[in-house]
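To start, the structure itself, in structure tokens.
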Amino acid sequence: MARMDGKVALISGGAEGLGAAIGELIVAEGGKVMLADLQLDKAQALADTLGENAVAAQLDVRQLDQWEMAVAATVSQFGKLNVLCNVAGISEPGNTADVDLDSWHRHIDINLTGTFYGCRAALREMEKNGEKGAIVNIGSMLALRVGADMAAYCASKAGVQAFTRTVALDCAKRGVPIRANLIHPGAIRTPMFERYQNAGPATPEEAEAAFAANHPMQRIGEADEVARAALYLASDESSFTTGCDLTVDGGGSIRE
Amino acid sequence: MAQLAPIDPDLWTDEAEPRLIGGKLPSGQTVFPIPLGEAAKSVERYPLPRNGTLWSWTRQDFLPKEPYEGPSTGPHDFEPYLIGYVELPGEVIVETRIVDAKLEDLKLNMPMEFCIVPFNASHETYAFRPEKK
Amino acid sequence: MSDVYIIGAGIHPFGRTEGRSGRDQGVFAVREALKDVGIEWDQVECAYGGSAAGGAADIMVNDLGLSGLPFINVMNGCATGGSALSSAQHAVASGAYDIALATGFDKHPRGAFNAQPAEYGLPEWYGQTGMMLTTQFFALKIQRYMQLHGISRETLGRVAEKSFRNGAKTDHAWRRSEIDLETIMNAPMINDPLTKFMFCSPSEGGVALILASEKKMKELGADGVKIASVAVRSRPPNSFEVFQAGVSVEEGGKPTELASKAAYEIAGLGPDDIDVAQLQDTESGAEIMHMAENGFCKDGEQEEWLANGWTNTDGKLPVNTDGGCIACGEPIGASGLRQVYENVQQLRGRGGERQVPNSPKTAYSHVYGAPGLSGVAILQR
């Protein structure tokens, strides 16, 4: 326990789903979190339940100046920044020939550029305190084992993978004690997943079963399974791990 | 070093001690720079004094976008520069680069003198520097 | 000329809203204002609206309804909102109309304004040698002011700190996180003495105000605020404005002082009568200087004011209660109207978490911008 003692983390997409689960776990492990999200009210409500070690800020990850504000607000509240978790992301279907152009751009802007902006805004601040730091990004099972009809999503997440490795090398080369790693979730039970379940013609149970079938472990994952992976990568427990791909996908990316 | 061309051929006079070129309006008011085009017709070319006092200042700490043509190739080799206004007594207050000074040394009303300085690989421009005692 | 009241106010959140054009944000604001009063679009008898970068305002009728009303487009730089308000007020005061709309919206393209010298009648060297940045103008203006009147850097920081604190309580603000003084002071310098967090950020937004005659207001049973005066003025000779390579040695007048004096005179009021003020704060130095230019204190007294928190929401003269331009950004067409919107809500007691206490009765708004114009509006409850 207390693996995040003395650490301050900024989490994008912190209002619900994976971001919220990561935030809750970091606070439970003795850390402080800034839950940054487009949905400020939800993020604030969650922060209120977590107590004095959690605060909230409005963040549209597509805006670099909003990232800079979120970083400044985190430092203002908690005195420093050690950990950045880029969790905010979207996932919409679309094949190459037909995918809506706005959808393509949204995926790049939110999933890839949003992650870049987060690192851009946070890195200098993270270096200032001289302490060990960590960047945790979210990739996808679909970045490792791409599928059809997900052109924008796969491209954006594959971009996040290469970028995370670059950031890891940038920090290592400059001798700063900050590591950057990537989690590849499979299908995880979150509000985003629930929106999928309810979107198509199938019943929610049928939809979940269809997703589960893509995972050798024959189920979908739970948010706190991803959160525990994020905790490992965010804490000093992963002290010699940088630029890695940590799958939380029930074997989905390696299925036969 | 190759000869640098003035950033603008008609910005300062071609003398041993060059002077900034302003304009004298029919009303007697001095302006800078001399107006362009139609407006220039009734304005007399008027070289300005070389000495004045510091009216205000600031520093440009990040690389400006175009039309800036300074010598840096990118943000990594950008050198911040000082910029300000110098009051030429009785005439006009001119905007200018400031050289041979650090930001923290600048004081209101400090005596300043005109000079020509290299700007980038091909051009020189005008500036003011604290007057040497 | 009869009294005119603002009986409805609507706003679209300022900031960046992907996928919604400036005009759509204006339409949103108009619908909110109509809901506020409880009337339909076809009851509005005339409209004045404008935008700097968002296109023609009158096209809004395509979305609001083709009621055939006269819709005048206003294009007046930073005074667009003030001019729209002024025109709408005159329309109702004259007796020609009973209900009028004043609206403004904007959506500025991303990236710093790459101003070109030729657009301002300046020679190329001005831009080539790196003088073509508006942030420099603000820094140069406040730097001199600080030297002349003994204003400290902390005071600049305290203004921004207040802006973020107030913005955090404001639904329509863009920047909604509190940031402490130290972080503001230690942020990267843009142009000395102004750090990154002392500047507003150009953004997007829309505001709509419904104006009515007293008779109409009573007929509708609406919750209205009286317009005591609106004054818009352009610059007098020798004023110091942006992108001036040469400034007159004769200290010129200021458009703000002209608009302010006119507004006080028309209303028959003075600075001591004002309970809450929204003052142009493109950056924190502007708020400082405008406190004096609008008559609320003498040059140099701002130091004491900010140290004592007198411009906080619970202070003796709350300034920029919704965080101003620093927290809301400055969509040019909407900014001036946002200030009036905020004052309307404060006077009606609808400020929520940021409500000025003790039922403020008189509110003052001041907008200023390039190429040197200013608009002041005084409201009374």
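Following the order of the structure tokens, chains are lettered A, B, ..., residues in each are numbered from 1, and ligands are numbered from 1.
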Using only C-alpha atoms, which protein or nucleic acid residues come within 6 Å of Glu124 (chain B)? Drop anything in the same chain fewer than 4 positions from it, and give the result as number ranges by chain. B: 4-7, 117-119
Write the selection just made, keeping N, CA and C atoms, as a PDB file, in the first residue's frame?
ATOM      1  N   LEU B   4      26.482  44.358 -44.722  1.00  0.00           N
ATOM      2  CA  LEU B   4      25.060  44.152 -44.496  1.00  0.00           C
ATOM      3  C   LEU B   4      24.262  45.306 -45.102  1.00  0.00           C
ATOM      4  N   ALA B   5      23.151  44.977 -45.717  1.00  0.00           N
ATOM      5  CA  ALA B   5      22.298  46.027 -46.298  1.00  0.00           C
ATOM      6  C   ALA B   5      21.333  46.548 -45.242  1.00  0.00           C
ATOM      7  N   PRO B   6      20.982  47.830 -45.276  1.00  0.00           N
ATOM      8  CA  PRO B   6      19.981  48.318 -44.327  1.00  0.00           C
ATOM      9  C   PRO B   6      18.655  47.595 -44.543  1.00  0.00           C
ATOM     10  N   ILE B   7      17.957  47.315 -43.467  1.00  0.00           N
ATOM     11  CA  ILE B   7      16.678  46.595 -43.557  1.00  0.00           C
ATOM     12  C   ILE B   7      15.684  47.361 -44.428  1.00  0.00           C
ATOM     13  N   VAL B 117      22.968  48.438 -36.016  1.00  0.00           N
ATOM     14  CA  VAL B 117      23.474  47.139 -35.548  1.00  0.00           C
ATOM     15  C   VAL B 117      23.159  46.048 -36.562  1.00  0.00           C
ATOM     16  N   PRO B 118      23.970  44.965 -36.571  1.00  0.00           N
ATOM     17  CA  PRO B 118      23.622  43.849 -37.452  1.00  0.00           C
ATOM     18  C   PRO B 118      22.293  43.253 -36.985  1.00  0.00           C
ATOM     19  N   PHE B 119      21.468  42.824 -37.951  1.00  0.00           N
ATOM     20  CA  PHE B 119      20.184  42.226 -37.585  1.00  0.00           C
ATOM     21  C   PHE B 119      20.177  40.726 -37.902  1.00  0.00           C
TER      22      PHE B 119
END
Might you pull out every residue within 10 Å of region 19-36 of chain B, with only C-alpha atoms counted and same-chain residues fewer than 5 positions away left off, and present them as a ChimeraX atom specification? /B:10-14,41-51,90-95,114-116,126-127 /C:121-123,126,244-250
Residue hits in chain A, query chain C, radius 8 Å, only C-alpha atoms, as a VMD selection string: chain A and resid 57 to 58 66 69 to 70 72 to 73 75 to 77
Residues of chain C within 10 Å of chain B, using only C-alpha atoms, as a PyMOL selection string? chain C and resi 111-117+121-133+135-145+147-148+188-194+243-250
Could those selected residues go to a file with C-alpha atoms, as a PDB file, in the first residue's frame?
ATOM      1  CA  GLY C 111      -2.876  30.663 -33.558  1.00  0.00           C
ATOM      2  CA  ALA C 112      -1.569  34.114 -32.792  1.00  0.00           C
ATOM      3  CA  PHE C 113      -2.821  36.911 -35.000  1.00  0.00           C
ATOM      4  CA  ASN C 114      -0.119  37.108 -37.687  1.00  0.00           C
ATOM      5  CA  ALA C 115      -0.580  40.788 -38.284  1.00  0.00           C
ATOM      6  CA  GLN C 116       1.049  42.146 -41.425  1.00  0.00           C
ATOM      7  CA  PRO C 117       2.538  45.662 -41.495  1.00  0.00           C
ATOM      8  CA  GLY C 121      -0.162  51.171 -43.117  1.00  0.00           C
ATOM      9  CA  LEU C 122       3.261  50.334 -41.721  1.00  0.00           C
ATOM     10  CA  PRO C 123       6.506  49.663 -43.585  1.00  0.00           C
ATOM     11  CA  GLU C 124       7.807  46.098 -43.875  1.00  0.00           C
ATOM     12  CA  TRP C 125      10.771  46.606 -41.548  1.00  0.00           C
ATOM     13  CA  TYR C 126       8.400  47.030 -38.611  1.00  0.00           C
ATOM     14  CA  GLY C 127       7.343  43.401 -38.906  1.00  0.00           C
ATOM     15  CA  GLN C 128      10.680  42.081 -40.145  1.00  0.00           C
ATOM     16  CA  THR C 129      12.552  43.378 -37.101  1.00  0.00           C
ATOM     17  CA  GLY C 130      10.006  41.908 -34.702  1.00  0.00           C
ATOM     18  CA  MET C 131       7.835  44.784 -33.490  1.00  0.00           C
ATOM     19  CA  MET C 132       4.582  43.446 -34.881  1.00  0.00           C
ATOM     20  CA  LEU C 133       3.234  41.739 -31.750  1.00  0.00           C
ATOM     21  CA  THR C 135       1.589  41.491 -26.582  1.00  0.00           C
ATOM     22  CA  GLN C 136       4.524  43.914 -26.766  1.00  0.00           C
ATOM     23  CA  PHE C 137       2.152  46.884 -26.824  1.00  0.00           C
ATOM     24  CA  PHE C 138       0.451  45.779 -23.619  1.00  0.00           C
ATOM     25  CA  ALA C 139       3.784  45.191 -21.927  1.00  0.00           C
ATOM     26  CA  LEU C 140       5.222  48.531 -23.031  1.00  0.00           C
ATOM     27  CA  LYS C 141       2.113  50.382 -21.872  1.00  0.00           C
ATOM     28  CA  ILE C 142       1.976  48.822 -18.405  1.00  0.00           C
ATOM     29  CA  GLN C 143       5.760  48.946 -17.940  1.00  0.00           C
ATOM     30  CA  ARG C 144       5.747  52.723 -18.254  1.00  0.00           C
ATOM     31  CA  TYR C 145       2.631  53.034 -16.095  1.00  0.00           C
ATOM     32  CA  GLN C 147       7.357  53.070 -13.382  1.00  0.00           C
ATOM     33  CA  LEU C 148       5.419  56.327 -13.266  1.00  0.00           C
ATOM     34  CA  PRO C 188       7.019  31.903 -18.521  1.00  0.00           C
ATOM     35  CA  MET C 189       7.378  35.569 -19.425  1.00  0.00           C
ATOM     36  CA  ILE C 190       5.656  36.621 -22.624  1.00  0.00           C
ATOM     37  CA  ASN C 191       6.882  40.225 -22.637  1.00  0.00           C
ATOM     38  CA  ASP C 192       8.255  41.629 -19.410  1.00  0.00           C
ATOM     39  CA  PRO C 193       6.499  42.286 -17.018  1.00  0.00           C
ATOM     40  CA  LEU C 194       3.589  40.133 -18.256  1.00  0.00           C
ATOM     41  CA  PHE C 243       1.325  49.151 -33.661  1.00  0.00           C
ATOM     42  CA  GLN C 244       2.581  52.712 -33.427  1.00  0.00           C
ATOM     43  CA  ALA C 245       6.213  53.040 -34.489  1.00  0.00           C
ATOM     44  CA  GLY C 246       6.054  56.676 -33.468  1.00  0.00           C
ATOM     45  CA  VAL C 247       4.106  58.148 -30.558  1.00  0.00           C
ATOM     46  CA  SER C 248       3.362  61.828 -30.111  1.00  0.00           C
ATOM     47  CA  VAL C 249       5.383  63.680 -27.486  1.00  0.00           C
ATOM     48  CA  GLU C 250       2.149  65.469 -26.590  1.00  0.00           C
TER      49      GLU C 250
END
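The space between CA of Trp41 (chain C) and CA of Leu220 (chain C) spans 14.4 Å.
Within region 146-183 of chain A, the backbone-based DSSP assignment of alpha helix (DSSP H) covers A:Ala151, A:Ala152, A:Tyr153, A:Cys154, A:Ala155, A:Ser156, A:Lys157, A:Ala158, A:Gly159, A:Val160, A:Gln161, A:Ala162, A:Phe163, A:Thr164, A:Arg165, A:Thr166, A:Val167, A:Ala168, A:Leu169, A:Asp170, A:Cys171, A:Ala172, A:Lys173, A:Arg174.
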Keeping N, CA and C atoms for every residue in the selection just given, could you write it to a file as a short mmCIF file (atom, residue, chain, number, x, y, z; two decimals), in the first residue's frame?
data_model
loop_
_atom_site.label_atom_id
_atom_site.label_comp_id
_atom_site.auth_asym_id
_atom_site.auth_seq_id
_atom_site.Cartn_x
_atom_site.Cartn_y
_atom_site.Cartn_z
N ALA A 151 -10.40 2.47 -38.82
CA ALA A 151 -9.23 3.12 -39.41
C ALA A 151 -8.67 4.22 -38.52
N ALA A 152 -9.53 5.15 -38.13
CA ALA A 152 -9.05 6.31 -37.37
C ALA A 152 -8.54 5.89 -36.00
N TYR A 153 -9.30 5.01 -35.34
CA TYR A 153 -8.93 4.59 -33.99
C TYR A 153 -7.58 3.86 -33.98
N CYS A 154 -7.44 2.88 -34.87
CA CYS A 154 -6.18 2.12 -34.91
C CYS A 154 -5.00 3.03 -35.23
N ALA A 155 -5.18 3.93 -36.20
CA ALA A 155 -4.08 4.82 -36.58
C ALA A 155 -3.69 5.70 -35.39
N SER A 156 -4.68 6.23 -34.72
CA SER A 156 -4.36 7.15 -33.61
C SER A 156 -3.66 6.41 -32.48
N LYS A 157 -4.11 5.19 -32.16
CA LYS A 157 -3.51 4.46 -31.05
C LYS A 157 -2.12 3.93 -31.40
N ALA A 158 -1.93 3.58 -32.65
CA ALA A 158 -0.58 3.16 -33.07
C ALA A 158 0.37 4.35 -32.97
N GLY A 159 -0.16 5.52 -33.30
CA GLY A 159 0.64 6.74 -33.16
C GLY A 159 1.03 6.96 -31.70
N VAL A 160 0.08 6.74 -30.80
CA VAL A 160 0.38 6.90 -29.37
C VAL A 160 1.49 5.94 -28.94
N GLN A 161 1.51 4.75 -29.53
CA GLN A 161 2.54 3.77 -29.18
C GLN A 161 3.93 4.28 -29.57
N ALA A 162 4.08 4.70 -30.80
CA ALA A 162 5.38 5.20 -31.26
C ALA A 162 5.77 6.43 -30.46
N PHE A 163 4.81 7.29 -30.25
CA PHE A 163 5.09 8.53 -29.53
C PHE A 163 5.54 8.24 -28.10
N THR A 164 4.87 7.30 -27.44
CA THR A 164 5.25 6.98 -26.06
C THR A 164 6.69 6.50 -25.99
N ARG A 165 7.09 5.71 -26.97
CA ARG A 165 8.48 5.22 -27.00
C ARG A 165 9.46 6.37 -27.21
N THR A 166 9.07 7.31 -28.09
CA THR A 166 9.92 8.48 -28.33
C THR A 166 10.10 9.30 -27.07
N VAL A 167 8.99 9.54 -26.38
CA VAL A 167 9.05 10.31 -25.14
C VAL A 167 9.96 9.61 -24.14
N ALA A 168 9.84 8.30 -24.06
CA ALA A 168 10.68 7.52 -23.15
C ALA A 168 12.15 7.75 -23.47
N LEU A 169 12.48 7.72 -24.75
CA LEU A 169 13.87 7.91 -25.17
C LEU A 169 14.33 9.36 -24.97
N ASP A 170 13.43 10.32 -25.26
CA ASP A 170 13.76 11.74 -25.04
C ASP A 170 14.20 11.95 -23.59
N CYS A 171 13.40 11.42 -22.66
CA CYS A 171 13.70 11.64 -21.24
C CYS A 171 14.98 10.92 -20.85
N ALA A 172 15.13 9.70 -21.30
CA ALA A 172 16.31 8.92 -20.93
C ALA A 172 17.57 9.59 -21.47
N LYS A 173 17.49 10.04 -22.72
CA LYS A 173 18.65 10.68 -23.34
C LYS A 173 19.07 11.93 -22.57
N ARG A 174 18.07 12.69 -22.11
CA ARG A 174 18.37 13.93 -21.41
C ARG A 174 18.69 13.68 -19.94
#
Non-local contacts of Lys132 (chain A) (8 Å; only C-alpha atoms; under 5 positions in same chain excluded) as a PyMOL selection string: chain A and resi 82+177-178+236
Residues from the last selection, C-alpha atoms, saved as a tab-separated table (two decimals), in the first residue's frame:
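Written output follows (selection_35.tsv):
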chain	number	residue	atom	x	y	z
A	82	ASN	CA	5.15	13.81	-10.82
A	177	PRO	CA	14.21	10.52	-14.19
A	178	ILE	CA	10.90	10.28	-16.04
A	236	ASP	CA	8.47	3.58	-8.53
Distance criterion (only C-alpha atoms): nearest to Ala208 (chain C) out of C:Gly285, C:Gly50, C:Gly82, C:Gly104: C:Gly104
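Backbone DSSP assigns strand (DSSP E) in region 253-306 of chain C to Val276, Ala277, Gln278 and Leu279 of chain C.
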Writer output for current selection, N, CA and C atoms, as a compact mmCIF listing (two decimals), in the first residue's frame:
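And here's selection_9.txt as it stands now:
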# COMPACT_ATOMS: atom_id res chain seq x y z
N VAL C 276 -20.63 47.51 -8.92
CA VAL C 276 -19.88 46.40 -9.53
C VAL C 276 -19.44 46.86 -10.92
N ALA C 277 -18.22 46.47 -11.32
CA ALA C 277 -17.70 46.94 -12.61
C ALA C 277 -17.03 45.83 -13.40
N GLN C 278 -17.25 45.83 -14.71
CA GLN C 278 -16.54 44.93 -15.61
C GLN C 278 -15.66 45.82 -16.47
N LEU C 279 -14.34 45.71 -16.31
CA LEU C 279 -13.41 46.59 -17.01
C LEU C 279 -12.53 45.79 -17.95
Between CA of Gly221 (chain A) and CA of Ile183 (chain A), measure the distance and give it in Å to one decimal. 13.2 Å
What does the structure give for the distance between CA of Arg165 (chain C) and CA of Cys325 (chain C), in Å to one decimal?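 It comes out at 13.1 Å.
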